[in-house]
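Novice: Coordinates in entry09.cif, mmCIF, C-alpha atoms, are listed below.
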data_data
loop_
_atom_site.group_PDB
_atom_site.id
_atom_site.type_symbol
_atom_site.label_atom_id
_atom_site.label_comp_id
_atom_site.auth_asym_id
_atom_site.auth_seq_id
_atom_site.Cartn_x
_atom_site.Cartn_y
_atom_site.Cartn_z
ATOM 1 C CA MET A 812 -22.864 -0.780 -8.641
ATOM 2 C CA ASP A 813 -19.374 0.277 -9.746
ATOM 3 C CA VAL A 814 -17.663 3.647 -10.083
ATOM 4 C CA ASP A 815 -18.414 3.876 -13.809
ATOM 5 C CA THR A 816 -22.139 3.518 -13.153
ATOM 6 C CA LEU A 817 -21.928 6.089 -10.374
ATOM 7 C CA MET A 818 -20.118 8.489 -12.718
ATOM 8 C CA MET A 819 -22.856 7.980 -15.297
ATOM 9 C CA PHE A 820 -25.532 8.972 -12.785
ATOM 10 C CA ILE A 821 -23.549 12.030 -11.702
ATOM 11 C CA LYS A 822 -23.094 13.146 -15.315
ATOM 12 C CA GLU A 823 -26.832 12.712 -15.867
ATOM 13 C CA TYR A 824 -28.222 14.172 -12.628
ATOM 14 C CA GLY A 825 -25.331 16.252 -11.298
ATOM 15 C CA TYR A 826 -25.319 17.314 -7.661
ATOM 16 C CA TRP A 827 -28.553 15.455 -6.909
ATOM 17 C CA ALA A 828 -26.917 12.108 -7.660
ATOM 18 C CA LEU A 829 -24.142 12.750 -5.109
ATOM 19 C CA PHE A 830 -26.654 13.687 -2.429
ATOM 20 C CA PHE A 831 -29.058 10.856 -3.188
ATOM 21 C CA PHE A 832 -26.523 8.026 -3.167
ATOM 22 C CA LEU A 833 -24.971 9.194 0.109
ATOM 23 C CA TRP A 834 -28.399 9.653 1.664
ATOM 24 C CA LEU A 835 -29.186 6.037 0.728
ATOM 25 C CA GLY A 836 -26.177 4.912 2.758
ATOM 26 C CA ILE A 837 -28.552 4.267 5.668
ATOM 27 C CA VAL A 838 -30.081 1.310 3.821
ATOM 28 C CA GLY A 839 -26.770 -0.170 2.742
ATOM 29 C CA MET A 840 -25.749 0.967 -0.718
ATOM 30 C CA PRO A 841 -23.711 -1.606 -2.671
ATOM 31 C CA ILE A 842 -20.934 0.973 -3.025
ATOM 32 C CA PRO A 843 -19.102 2.352 0.059
ATOM 33 C CA ASP A 844 -19.666 5.964 1.135
ATOM 34 C CA GLU A 845 -15.926 6.576 0.878
ATOM 35 C CA VAL A 846 -15.999 5.748 -2.826
ATOM 36 C CA ILE A 847 -18.993 8.027 -3.466
ATOM 37 C CA VAL A 848 -17.322 10.946 -1.673
ATOM 38 C CA MET A 849 -14.070 10.383 -3.570
ATOM 39 C CA THR A 850 -16.041 10.237 -6.815
ATOM 40 C CA GLY A 851 -17.407 13.672 -5.929
ATOM 41 C CA GLY A 852 -13.833 14.907 -5.726
ATOM 42 C CA LEU A 853 -13.000 13.214 -9.026
ATOM 43 C CA VAL A 854 -15.860 14.806 -10.978
ATOM 44 C CA ALA A 855 -14.898 18.169 -9.493
ATOM 45 C CA SER A 856 -11.319 17.720 -10.706
ATOM 46 C CA LEU A 857 -12.684 16.900 -14.183
ATOM 47 C CA ASN A 858 -14.791 20.098 -14.120
ATOM 48 C CA LEU A 859 -18.008 18.114 -14.441
ATOM 49 C CA LEU A 860 -19.178 19.805 -11.236
ATOM 50 C CA LYS A 861 -17.919 22.899 -9.449
ATOM 51 C CA PRO A 862 -15.650 21.908 -6.516
ATOM 52 C CA VAL A 863 -17.200 23.980 -3.703
ATOM 53 C CA PRO A 864 -20.877 23.160 -4.430
ATOM 54 C CA ALA A 865 -19.939 19.519 -5.071
ATOM 55 C CA PHE A 866 -18.208 19.318 -1.686
ATOM 56 C CA PHE A 867 -21.075 20.845 0.270
ATOM 57 C CA VAL A 868 -23.704 18.730 -1.492
ATOM 58 C CA THR A 869 -21.591 15.670 -0.699
ATOM 59 C CA TYR A 870 -21.287 16.756 2.933
ATOM 60 C CA LEU A 871 -25.047 17.300 3.205
ATOM 61 C CA GLY A 872 -25.633 13.840 1.742
ATOM 62 C CA VAL A 873 -23.354 12.272 4.352
ATOM 63 C CA VAL A 874 -24.838 13.997 7.406
ATOM 64 C CA SER A 875 -28.449 13.752 6.209
ATOM 65 C CA GLY A 876 -28.202 9.982 5.904
ATOM 66 C CA LEU A 877 -26.684 9.650 9.377
ATOM 67 C CA THR A 878 -29.247 12.059 10.834
ATOM 68 C CA ILE A 879 -32.106 9.952 9.536
ATOM 69 C CA GLY A 880 -30.542 6.995 11.341
ATOM 70 C CA TYR A 881 -30.464 8.997 14.586
ATOM 71 C CA LEU A 882 -34.081 10.146 14.180
ATOM 72 C CA LEU A 883 -35.308 6.629 13.422
ATOM 73 C CA GLY A 884 -33.605 5.366 16.572
ATOM 74 C CA ARG A 885 -34.962 8.199 18.698
ATOM 75 C CA ILE A 886 -38.526 8.093 17.382
ATOM 76 C CA ILE A 887 -39.078 4.392 16.684
ATOM 77 C CA GLY A 888 -36.665 2.950 19.240
ATOM 78 C CA ALA A 889 -36.128 -0.780 19.825
ATOM 79 C CA PRO A 890 -37.801 -2.019 16.593
ATOM 80 C CA VAL A 891 -34.919 -0.410 14.723
ATOM 81 C CA LEU A 892 -32.467 -2.686 16.536
ATOM 82 C CA ASP A 893 -34.713 -5.687 15.879
ATOM 83 C CA TYR A 894 -34.561 -4.843 12.190
ATOM 84 C CA LEU A 895 -30.762 -4.567 12.277
ATOM 85 C CA VAL A 896 -30.362 -7.826 14.180
ATOM 86 C CA ALA A 897 -32.494 -9.607 11.587
ATOM 87 C CA LYS A 898 -30.232 -8.466 8.753
ATOM 88 C CA LYS A 899 -27.507 -10.829 7.607
ATOM 89 C CA ASN A 900 -23.988 -10.217 8.993
ATOM 90 C CA MET A 901 -25.109 -7.251 11.118
ATOM 91 C CA GLY A 902 -24.225 -8.902 14.418
ATOM 92 C CA LYS A 903 -20.518 -8.033 14.265
ATOM 93 C CA TYR A 904 -21.266 -4.419 13.349
ATOM 94 C CA LEU A 905 -23.720 -4.056 16.212
ATOM 95 C CA LYS A 906 -21.137 -5.500 18.604
ATOM 96 C CA LYS A 907 -18.482 -3.101 17.315
ATOM 97 C CA SER A 908 -20.888 -0.183 17.674
ATOM 98 C CA TYR A 909 -21.754 -1.066 21.278
ATOM 99 C CA ASP A 910 -18.072 -1.572 22.089
ATOM 100 C CA LEU A 911 -17.239 1.916 20.785
ATOM 101 C CA ILE A 912 -20.109 3.514 22.716
ATOM 102 C CA ASP A 913 -19.227 1.677 25.936
ATOM 103 C CA ARG A 914 -15.599 2.747 25.629
ATOM 104 C CA TYR A 915 -15.875 6.292 24.279
ATOM 105 C CA GLY A 916 -19.417 7.414 25.054
ATOM 106 C CA SER A 917 -20.661 10.254 22.851
ATOM 107 C CA TYR A 918 -17.307 10.455 21.084
ATOM 108 C CA ALA A 919 -17.959 7.064 19.544
ATOM 109 C CA LEU A 920 -19.748 9.182 16.927
ATOM 110 C CA CYS A 921 -16.349 10.590 15.913
ATOM 111 C CA ILE A 922 -14.534 7.281 15.855
ATOM 112 C CA SER A 923 -17.345 5.438 14.070
ATOM 113 C CA TYR A 924 -16.697 7.490 10.931
ATOM 114 C CA GLY A 925 -13.555 5.414 10.491
ATOM 115 C CA PHE A 926 -15.495 2.147 10.276
ATOM 116 C CA PRO A 927 -17.775 1.348 7.316
ATOM 117 C CA ILE A 928 -21.347 0.327 8.274
ATOM 118 C CA VAL A 929 -20.576 0.998 11.953
ATOM 119 C CA ARG A 930 -20.859 4.737 11.208
ATOM 120 C CA HIS A 931 -24.500 4.099 10.241
ATOM 121 C CA VAL A 932 -25.287 1.837 13.188
ATOM 122 C CA VAL A 933 -23.976 4.119 15.951
ATOM 123 C CA PRO A 934 -26.507 6.913 15.190
ATOM 124 C CA TYR A 935 -29.360 4.394 15.577
ATOM 125 C CA ILE A 936 -28.064 3.382 18.992
ATOM 126 C CA VAL A 937 -27.426 6.898 20.326
ATOM 127 C CA GLY A 938 -30.862 7.879 19.000
ATOM 128 C CA ILE A 939 -32.443 5.012 20.927
ATOM 129 C CA SER A 940 -30.539 6.132 24.038
ATOM 130 C CA LYS A 941 -32.115 9.611 23.606
ATOM 131 C CA MET A 942 -28.907 11.563 23.173
ATOM 132 C CA PRO A 943 -29.913 15.249 22.808
ATOM 133 C CA PHE A 944 -30.023 16.195 19.140
ATOM 134 C CA ARG A 945 -27.901 19.303 19.753
ATOM 135 C CA ARG A 946 -25.087 17.173 21.138
ATOM 136 C CA TYR A 947 -25.475 14.619 18.353
ATOM 137 C CA ALA A 948 -25.340 17.315 15.687
ATOM 138 C CA LEU A 949 -22.340 19.085 17.215
ATOM 139 C CA ILE A 950 -20.232 15.927 17.344
ATOM 140 C CA SER A 951 -21.471 14.103 14.242
ATOM 141 C CA TYR A 952 -21.715 17.065 11.870
ATOM 142 C CA THR A 953 -18.304 18.435 12.818
ATOM 143 C CA THR A 954 -16.643 15.057 12.368
ATOM 144 C CA GLY A 955 -18.591 14.486 9.174
ATOM 145 C CA PHE A 956 -17.295 17.738 7.708
ATOM 146 C CA PHE A 957 -13.653 16.756 8.109
ATOM 147 C CA TRP A 958 -14.290 13.133 7.105
ATOM 148 C CA THR A 959 -15.964 14.306 3.903
ATOM 149 C CA LEU A 960 -13.208 16.828 3.244
ATOM 150 C CA ILE A 961 -10.490 14.173 3.546
ATOM 151 C CA PHE A 962 -12.043 11.774 1.052
ATOM 152 C CA PHE A 963 -13.177 14.546 -1.282
ATOM 153 C CA VAL A 964 -9.594 15.840 -1.474
ATOM 154 C CA ILE A 965 -8.254 12.304 -1.979
ATOM 155 C CA GLY A 966 -10.716 11.811 -4.843
ATOM 156 C CA TYR A 967 -9.769 15.171 -6.323
ATOM 157 C CA PHE A 968 -6.071 14.319 -6.516
ATOM 158 C CA PHE A 969 -6.113 10.519 -6.780
ATOM 159 C CA GLY A 970 -9.415 9.952 -8.583
ATOM 160 C CA LEU A 971 -8.074 7.360 -11.009
ATOM 161 C CA ASN A 972 -7.424 4.991 -8.079
ATOM 162 C CA ILE A 973 -10.790 5.381 -6.367
ATOM 163 C CA GLU A 974 -11.753 1.714 -6.325
ATOM 164 C CA GLU A 975 -8.394 0.550 -4.945
ATOM 165 C CA ILE A 976 -8.353 3.240 -2.255
ATOM 166 C CA GLY A 977 -11.997 2.576 -1.413
ATOM 167 C CA LYS A 978 -11.396 -1.153 -0.948
ATOM 168 C CA THR A 979 -8.403 -0.437 1.297
ATOM 169 C CA VAL A 980 -10.370 1.943 3.510
ATOM 170 C CA TYR A 981 -13.339 -0.424 3.621
ATOM 171 C CA SER A 982 -11.085 -3.296 4.708
ATOM 172 C CA TYR A 983 -8.909 -1.458 7.236
ATOM 173 C CA GLY A 984 -11.253 1.309 8.370
ATOM 174 C CA ILE A 985 -9.827 3.949 10.652
ATOM 175 C CA TYR A 986 -6.264 2.647 10.303
ATOM 176 C CA ALA A 987 -6.278 3.382 6.571
ATOM 177 C CA LEU A 988 -7.848 6.769 7.286
ATOM 178 C CA ILE A 989 -5.040 7.650 9.706
ATOM 179 C CA ILE A 990 -2.511 6.912 6.960
ATOM 180 C CA LEU A 991 -4.435 8.654 4.185
ATOM 181 C CA LEU A 992 -5.015 11.865 6.157
ATOM 182 C CA PRO A 993 -1.389 13.070 6.345
ATOM 183 C CA VAL A 994 -0.761 11.917 2.756
ATOM 184 C CA SER A 995 -3.693 13.932 1.430
ATOM 185 C CA LEU A 996 -2.659 16.987 3.461
ATOM 186 C CA VAL A 997 0.904 16.824 2.133
ATOM 187 C CA VAL A 998 -0.314 16.531 -1.452
ATOM 188 C CA TRP A 999 -2.734 19.440 -0.929
ATOM 189 C CA TYR A 1000 0.072 21.565 0.508
ATOM 190 C CA ILE A 1001 2.389 20.786 -2.418
ATOM 191 C CA VAL A 1002 -0.279 21.568 -5.000
ATOM 192 C CA GLN A 1003 -1.254 24.819 -3.280
ATOM 193 C CA SER A 1004 2.397 25.873 -2.986
ATOM 194 C CA ARG A 1005 2.946 25.277 -6.700
ATOM 195 C CA ARG A 1006 -0.183 27.223 -7.591
ATOM 196 C CA ASN A 1007 0.870 30.153 -5.400
ATOM 197 C CA GLN A 1008 4.339 30.083 -6.944
ATOM 198 C CA GLN A 1009 2.885 30.089 -10.443
ATOM 199 C CA GLN A 1010 0.593 32.995 -9.557
ATOM 200 C CA LYS A 1011 3.543 34.976 -8.180
ATOM 201 C CA GLN A 1012 5.565 34.290 -11.311
ATOM 202 C CA SER A 1013 2.639 35.300 -13.480
ATOM 203 C CA GLY A 1014 2.212 38.469 -11.438
ATOM 204 C CA SER A 1015 5.895 39.309 -11.735
ATOM 205 C CA VAL A 1016 5.782 38.885 -15.529
ATOM 206 C CA THR A 1017 2.732 41.139 -15.737
ATOM 207 C CA GLU A 1018 4.416 43.855 -13.634
ATOM 208 C CA LEU A 1019 7.536 43.631 -15.836
ATOM 209 C CA GLU A 1020 5.455 43.993 -18.985
ATOM 210 C CA ASP A 1021 3.638 46.986 -17.518
ATOM 211 C CA SER A 1022 6.884 48.706 -16.532
ATOM 212 C CA VAL A 1023 8.318 48.158 -20.016
ATOM 213 C CA SER A 1024 5.252 49.537 -21.717
#
Go through the file and emit its structure as structure tokens.
Specialist:
Amino acid sequence: MDVDTLMMFIKEYGYWALFFFLWLGIVGMPIPDEVIVMTGGLVASLNLLKPVPAFFVTYLGVVSGLTIGYLLGRIIGAPVLDYLVAKKNMGKYLKKSYDLIDRYGSYALCISYGFPIVRHVVPYIVGISKMPFRRYALISYTTGFFWTLIFFVIGYFFGLNIEEIGKTVYSYGIYALIILLPVSLVVWYIVQSRRNQQQKQSGSVTELEDSVS
């Protein structure tokens, strides 16, 4: 599936398409989560969806998919890992997930967001290890909010380059995210400053017209 097809589904089904495709991330969608989130930002910038509802639906899609992974690991347990091991090319992602958990413990949930596929595997593992859901939710949902916000904003301002940006993030993971974060914040600051300046100028013109009349 490419971005054009994804856009077609969003135009047809609106907010539900954003949620559904991100929710399906747990079974390995053929399009990276980063690209779907950025597409949410793009359609918001094109006024196809309202920005605030689009963001929160996107966020709910992200965390719901990862939560299902946690619950499957916690409830079903080892058979989940057997299923993952049997899948092609999953060995390296399982190894990376275990390495992150061994090194960072619970906070591997934060770091895993920077690595495609690994972010879906880590919840399975911490679910199997019986991490309390309250702790899982606190760490994963908080990180997920900011992760979603970053890519949503990038899609909003750089939507025409979604596929290129998505491939870069998919290839370089957290390193690309570290670079993209300050860039997106700077762009957001510039745009907001210009909007505030325009509003002040508009307000000044209105006050001048009122005083003249």
Novice: I'd like the residues picked by the PyMOL selection byres ((chain A and resi 825) around 12) written out as a PyMOL selection string, using the chain letters and numbers from the file.
Specialist: chain A and resi 817-824+826-832+850-851+854-855+858-861+864-865+868-869
Novice: Counting only C-alpha atoms, which residues in stretch 849-907 of chain A sit no more than 12 Å from stretch 938-946 of chain A? For each one, give the nearest pair of atoms and the distance in Å, sorted by chain then residue number, as a Markdown table.
Specialist:
| residue | atom | partner | partner_atom | distance |
| --- | --- | --- | --- | --- |
| A:Leu877 | CA | A:Gly938 | CA | 10.6 |
| A:Thr878 | CA | A:Phe944 | CA | 9.3 |
| A:Ile879 | CA | A:Gly938 | CA | 9.8 |
| A:Gly880 | CA | A:Gly938 | CA | 7.7 |
| A:Tyr881 | CA | A:Gly938 | CA | 4.6 |
| A:Leu882 | CA | A:Gly938 | CA | 6.2 |
| A:Leu883 | CA | A:Gly938 | CA | 7.2 |
| A:Gly884 | CA | A:Gly938 | CA | 4.4 |
| A:Arg885 | CA | A:Gly938 | CA | 4.1 |
| A:Ile886 | CA | A:Ile939 | CA | 7.7 |
| A:Ile887 | CA | A:Ile939 | CA | 7.9 |
| A:Gly888 | CA | A:Ile939 | CA | 5.0 |
| A:Ala889 | CA | A:Ile939 | CA | 7.0 |
| A:Pro890 | CA | A:Ile939 | CA | 9.8 |
| A:Val891 | CA | A:Ile939 | CA | 8.6 |
| A:Leu892 | CA | A:Ile939 | CA | 8.9 |
Novice: Could you check which of A:Val896, A:Val848, A:Ile936, A:Leu905 is closest to A:Ile965, using all atoms listed in the file?
Specialist: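 Closest to A:Ile965 of all the choices is A:Val848.
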Novice: With distances taken over all atoms listed in the file, which residue among A:Leu857, A:Ile961, A:Leu871, A:Ala919 lies nearest A:His931?
Specialist: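 Of A:Leu857, A:Ile961, A:Leu871, A:Ala919, the one nearest A:His931 is A:Ala919, counting all atoms listed in the file.
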Novice: Which residue gives the smallest distance to A:Phe867 among A:Thr959, A:Arg1005, A:Thr954, A:Phe968, with all atoms listed in the file counted?
Specialist: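 Comparing A:Thr959, A:Arg1005, A:Thr954, A:Phe968 against A:Phe867, the winner is A:Thr959.
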Novice: Can you work out the spacing between atom CA of A:Ser875 and atom CA of A:Trp834 in Å, to one decimal?
Specialist: 6.1 Å
Novice: As a check of understanding, name the residues that the PyMOL selection byres ((chain A and resi 928) around 9) selects in the supplied structure, as an MDAnalysis selection string.
Specialist: chainID A and resid 836:837 839 843 901 904 923:924 926:927 929:933
Novice: Filtering to C-alpha atoms, could you give me those residues as a short mmCIF file (atom, residue, chain, number, x, y, z; two decimals), keeping the file's coordinate frame?
Specialist:
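Written out: out.cif:
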data_model
loop_
_atom_site.label_atom_id
_atom_site.label_comp_id
_atom_site.auth_asym_id
_atom_site.auth_seq_id
_atom_site.Cartn_x
_atom_site.Cartn_y
_atom_site.Cartn_z
CA GLY A 836 -26.18 4.91 2.76
CA ILE A 837 -28.55 4.27 5.67
CA GLY A 839 -26.77 -0.17 2.74
CA PRO A 843 -19.10 2.35 0.06
CA MET A 901 -25.11 -7.25 11.12
CA TYR A 904 -21.27 -4.42 13.35
CA SER A 923 -17.34 5.44 14.07
CA TYR A 924 -16.70 7.49 10.93
CA PHE A 926 -15.50 2.15 10.28
CA PRO A 927 -17.77 1.35 7.32
CA VAL A 929 -20.58 1.00 11.95
CA ARG A 930 -20.86 4.74 11.21
CA HIS A 931 -24.50 4.10 10.24
CA VAL A 932 -25.29 1.84 13.19
CA VAL A 933 -23.98 4.12 15.95
#
